[in-house]
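Reviewing the structure listed below.
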Amino acid sequence: MPEPLLRVENLDVAYLAADGPVRATSKVSFTLEDGEILGLVGESGSGKSTVAKAAMRVLGQPAVITGGSVRFRGREVLRMSDAELRQWRWRDVSMVMQSALNAMNPVMTVLDHVLDTLAAHGITGAAAKKRAGELLDLVEIDRHHLRSYPHELSGGMRQRVVLGIALALTPPLVFMDEPTTALDVVVERQIMRKLVALQAELGFAVLFITHDVSLLLEFATRIGVMYSGRLVEVAPTQLFRDGARHPYSKGLLGAIPRIDSDEAPVSIPGSPPSLKNPPPGCRFHPRCADALDVCETREPPLVQIGADHWAACHVLEVA
Amino acid sequence: MGGTARYLLGRLGFYLLAAWVALSLNFLIPRMMPGDPATVMFARFQGQLSPEAMDALRETFGLSDASWWSQYWTYLRHALVGDFGTSVAYFPEPVTGVLLRGLFWTVVLAGSAVVVAFAAGTLLGTLAAWRRGGWLDSVLPPVLALLGAFPYFWLAMLALFVLGFGMGLFPLRHAYSDQLTPGLSPEFLASVFRHTLLPALTLVAVSLGGWMLAMRNTMIGVLGSDFIEYAHARGLAPRRVMLAYAARNAILPNVTGFGMALGFVLGGALLTEIIFSYPVQGYLLIQSVRAQDYPLMQGLFLTISLAVLAANWFVDCATVALDPRTRR
């Protein structure tokens with residue numbers, strides 16, 4: 001079996017705090033194939049951004065990867081040297097950050113950002129300038145904005161620019177960490193359509209992180225649900241929409257307002273657990289209507305429950 | 001770009017207005033003080049001066065009973081061409097000559113000390129922040145803070161005593177060797193360098209810590225920004241991230257401080273001057289006040305005010321150049 005584009009296995013990340021480490025993710029495993037859009041959805045603090053940053057190894061202090069493996073086309077990312085890492089980043093995997101305003105250096109122009117990125121990978125001079133123009137064309141921003149500073153662009157334009165920078169070296173994989181969260185819904189739609197069109201044209205794979213499951217239902221190939229640092233269900237989008245099995249996934253779907261029915265959206269009772277003092281057993285059991293006795297004591301592993309369908313839930317094992 | 005030029009010209013206009021206010025205050029304040037220089041001069045000659053000579057003195061100093069308005073007008077006209085009259089304390093040398101001499105050595109000593117301290121402190125702060133918790137970051141700040149906490153005159157005297165007198169590494173006084181005639185000869189320049197080194201080093205030693213800590217602290221804040229993480233994620237070389245992203249953005253407050261420090265250089269380093277017998281401007285200031293040397297006082301105050309204003313404008317220009325967000 002050929003190696004997938006990205007294989008994350010049992011990824012553990014801890015935040016070192018003064019009173020002991022806090023486990024931000026534990027035993028997160030998934031694969032990502034060429035050209036697919038995998039959406040990771042979860043509440044704030046569920047560890048979805050941490051997974052992406054850990055996979056690219058850009059986690060800052062005090063976060064540390066304490067275990068697991070991240071393989072890119074079979075190459076172990078966690079064992080790359082700093083120099084190898086610099087080469088690998090952006091040429092093979094790039095990222096779009098949540099806030100383009102904060103991601104860009106306020107005292108540098110759009111062109112400076114593009115040129116710096118290209119120069120770091122050996123592209124300089126006229127070729128780099130030409131590429132910078134092409135990238136703006138790609139995301140449909142007028143070329144004269146190469147001379148603009150980040151604060152001179154609107155939020156949507158900045159996000160497009162950052163998307164263009166992510167494609168500077170046409171990498172096969174792009175991590176997107178809530179790229180549209182800071183935008184209004186109209187601009188969000190425009191950016192998402194642009195993204196999907198570019199993805200179809202260039203064929204890169206996307207790890208898309210969001211808290212908006214309805215966005216994923218529309219654009220993702222597969223959907224993964226994270227809860228309290230764990231991946232609790234992974235399924236292809238169609239399967240997920242019609243047959244999500246994990247009680248938390250069902251809760252997420254039930255919370256989406258619908259125009260085609262009179263049913264009111266139902267929110268999940270309770271609030272996400274603290275990572276510092278997580279509940280024993282399944283972390284979702286205090287909020288779960290179907291919880292069994294075993295849920296309070298033993299943590300359910302992520303197991304295959306159907307074709308390409310994985311879930312971590314005792315209730316499903318019993319049934 | 002047109003907006004930027006207009007903004008800087010606007011600032012320049014404001015500083016010119018401020019310069020006029022300084023010029024006018026400079027005219028008014030000494031005239032509100034009791035006594036006058038001719039009386040001082042008269043007293044200095046202990047009654048050996050005839051009333052005619054007294055009148056001649058008053059004439060020379062431009063002390064007239066004319067209205068303040070006409071005096072003010074004359075003052076402004078002369079000030080514009082750099083004529084501040086004749087010094088009382090250094091009679092009969094013109095004020096401009098006395099000023100230029102002091103100004104030159106002030107720039108050589110205090111100016112170079114400020115530039116070196118700023119450059120070295122900012123660089124050290126950059127490296128300390130980049131390798132936070134490393135040896136540079138652990139050792140240097142407390143040492144420099146300790147140096148900076150010593151009374152300056154004590155530190156300077158200690159340096160002069162130990163390094164100059166005790167070990168004979170540095171000359172003990174003056175800006176250049178008495179045996180040399182000032183000029184551009186290599187011997188003279190070398191002598192100036194040798195004489196300036198120790199006083200400049202003491203000035204640098206006490207101010208280095210401030211520059212370093214300010215830069216370090218600002219840069220640590222900048223290093224926490226998303227755009228640093230983004231720069232690393234794009235595979236940029238660490239040196240590029242450190243200089244073009246972190247230090248570049250953190251240096252702004254230090255540039256403002258640098259401009260202010262440059263402005264105050266002309267205030268002179270009085271203690272340095274006294275301890276090392278170095279002919280900078282600080283002593284002139286005291287001398288002129290003691291001798292009620294109005295023309296010299298006015299010249300000094302004016303150069304200091306103008307230097308501070310010029311430094312402010314320099315900071316404005318530097319800020320606009322370094323931070324596009326300040327451009328209109």
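We name chains A, B, ... following the order of the structure tokens; residues begin at 1 in each chain, and ligands are numbered from 1 as shown.
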
Pick out the chain A residues within 7 Å of chain B. Count only C-alpha atoms. Give them as a ChimeraX atom specification. /A:58,86-87,89-90,94,102-105,107,117,120

Find the spatial neighbours of Val162 (chain A), counting only C-alpha atoms, within a cut-off of 7 Å - ignore same-chain residues fewer than 3 positions away - and output them as a PyMOL selection string. chain A and resi 96+100+158-159+165-166

Give me every strand (DSSP E) residue in region 108-311 of chain A, going by DSSP on the backbone, as a ChimeraX atom specification. /A:173-177,205-210,222-227,230-236,303-306,309-311

Kindly export the residues of the current selection with C-alpha atoms, as a short mmCIF file (atom, residue, chain, number, x, y, z; two decimals), in the first residue's frame.
data_model
loop_
_atom_site.label_atom_id
_atom_site.label_comp_id
_atom_site.auth_asym_id
_atom_site.auth_seq_id
_atom_site.Cartn_x
_atom_site.Cartn_y
_atom_site.Cartn_z
CA LEU A 173 -0.57 20.17 1.00
CA VAL A 174 -1.98 23.31 2.61
CA PHE A 175 -3.00 23.64 6.26
CA MET A 176 -5.80 26.12 6.81
CA ASP A 177 -6.39 27.21 10.37
CA ALA A 205 -4.72 18.62 -0.46
CA VAL A 206 -6.14 20.69 2.39
CA LEU A 207 -6.35 20.17 6.12
CA PHE A 208 -9.12 22.62 6.94
CA ILE A 209 -9.66 23.60 10.55
CA THR A 210 -12.88 25.26 11.61
CA ARG A 222 -13.93 14.08 4.64
CA ILE A 223 -14.78 15.39 8.10
CA GLY A 224 -13.01 14.70 11.38
CA VAL A 225 -14.53 15.73 14.70
CA MET A 226 -12.35 16.67 17.64
CA TYR A 227 -13.43 16.83 21.24
CA ARG A 230 -9.24 13.62 20.83
CA LEU A 231 -10.43 12.71 17.40
CA VAL A 232 -13.85 11.15 18.06
CA GLU A 233 -15.14 10.47 14.54
CA VAL A 234 -13.85 10.55 10.97
CA ALA A 235 -16.05 9.93 7.93
CA PRO A 236 -16.48 11.01 4.30
CA VAL A 303 -12.10 2.07 15.86
CA GLN A 304 -13.35 1.39 12.38
CA ILE A 305 -17.14 1.11 12.36
CA GLY A 306 -17.75 1.03 8.60
CA HIS A 309 -15.76 5.38 8.92
CA TRP A 310 -14.04 5.63 12.29
CA ALA A 311 -15.43 6.54 15.71
#

Region 83-88 of chain B surroundings by only C-alpha atoms, 7 Å radius, close-in-sequence under 4 positions cut, as a ChimeraX atom specification: /B:37,61,78-79,92-96,293,295-296,299

Which residues of region 81-126 of chain B come within 7 Å of region 204-218 of chain B, and for each one, what is the closest pair of atoms and their distance in Å to one decimal, counting only C-alpha atoms, sorted by chain and residue number, as a tab-separated table?
residue	atom	partner	partner_atom	distance
B:Ala113	CA	B:Val204	CA	5.6
B:Val114	CA	B:Val204	CA	7.0
B:Ala117	CA	B:Val204	CA	5.0
B:Phe118	CA	B:Trp211	CA	6.0
B:Gly121	CA	B:Met212	CA	4.2
B:Thr122	CA	B:Met212	CA	5.3
B:Leu124	CA	B:Met212	CA	5.9
B:Gly125	CA	B:Arg216	CA	4.2
B:Thr126	CA	B:Arg216	CA	5.8

Got time to write the residues from that selection, C-alpha atoms, as a short mmCIF file (atom, residue, chain, number, x, y, z; two decimals), in the first residue's frame?
data_model
loop_
_atom_site.label_atom_id
_atom_site.label_comp_id
_atom_site.auth_asym_id
_atom_site.auth_seq_id
_atom_site.Cartn_x
_atom_site.Cartn_y
_atom_site.Cartn_z
CA ALA B 113 29.25 57.74 22.94
CA VAL B 114 25.50 57.93 22.30
CA ALA B 117 25.85 52.86 23.09
CA PHE B 118 22.70 52.86 20.96
CA GLY B 121 22.91 48.13 23.14
CA THR B 122 20.33 47.53 20.43
CA LEU B 124 22.95 43.06 22.30
CA GLY B 125 19.26 43.42 23.13
CA THR B 126 18.36 41.77 19.82
#

I need the alpha helix (DSSP H) residues of region 13-194 of chain A per DSSP on the backbone, written as a VMD selection string. chain A and resid 48 to 56 82 to 91 100 to 103 110 to 119 125 to 138 155 to 166 185 to 194

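Nearest to Phe153 (chain B) of all the residues B:Ala53, B:Gly263, B:Leu203, B:Val320 is B:Leu203, based on only C-alpha atoms.
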
Neighbouring residues of Thr50 (chain A) were defined as those with any atom within 10 Å, considering only C-alpha atoms; residues of the same chain fewer than 6 positions away were excluded. Please report them as number ranges by chain. A: 12-14, 24-25, 56-59, 63, 65, 177, 229

Prev. selection, N, CA and C atoms, output as a short mmCIF file (atom, residue, chain, number, x, y, z; two decimals), in the first residue's frame:
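That gives us selection_11.cif:
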data_model
loop_
_atom_site.label_atom_id
_atom_site.label_comp_id
_atom_site.auth_asym_id
_atom_site.auth_seq_id
_atom_site.Cartn_x
_atom_site.Cartn_y
_atom_site.Cartn_z
N ASP A 12 0.58 13.25 20.32
CA ASP A 12 0.34 13.82 21.65
C ASP A 12 1.05 15.16 21.76
N VAL A 13 0.32 16.19 22.15
CA VAL A 13 0.93 17.49 22.39
C VAL A 13 0.55 17.95 23.79
N ALA A 14 1.54 18.43 24.53
CA ALA A 14 1.26 18.92 25.89
C ALA A 14 1.70 20.37 26.00
N ALA A 24 -2.93 18.74 25.36
CA ALA A 24 -3.80 19.45 24.43
C ALA A 24 -4.39 18.50 23.40
N THR A 25 -3.62 17.50 22.98
CA THR A 25 -4.17 16.47 22.10
C THR A 25 -3.63 15.14 22.60
N MET A 56 3.10 20.68 11.44
CA MET A 56 4.04 21.51 10.69
C MET A 56 5.23 21.90 11.56
N ARG A 57 5.16 21.52 12.81
CA ARG A 57 6.19 21.81 13.82
C ARG A 57 6.42 23.31 14.00
N VAL A 58 5.36 24.09 13.99
CA VAL A 58 5.51 25.51 14.29
C VAL A 58 4.94 25.86 15.66
N LEU A 59 4.69 24.85 16.49
CA LEU A 59 4.20 25.12 17.83
C LEU A 59 5.25 25.90 18.60
N ALA A 63 4.32 24.78 24.20
CA ALA A 63 3.75 23.52 23.71
C ALA A 63 4.87 22.59 23.22
N ILE A 65 5.60 18.49 21.54
CA ILE A 65 5.06 17.23 21.03
C ILE A 65 5.66 16.13 21.90
N ASP A 177 -5.95 27.12 8.98
CA ASP A 177 -6.39 27.21 10.37
C ASP A 177 -7.45 28.31 10.48
N GLY A 229 -9.29 17.35 22.75
CA GLY A 229 -7.97 16.83 22.42
C GLY A 229 -7.98 15.48 21.73
#

Taken to one decimal, the CA of Ser99 (chain A)-CA of Val114 (chain A) distance is 17.2 Å

Atom pair CA of Leu109 (chain B) / CA of Phe165 (chain B): separation (Å): 20.4 Å

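Across the structure, CA of Met95 (chain A) and CA of Asp34 (chain A) are spaced 16.0 Å apart.
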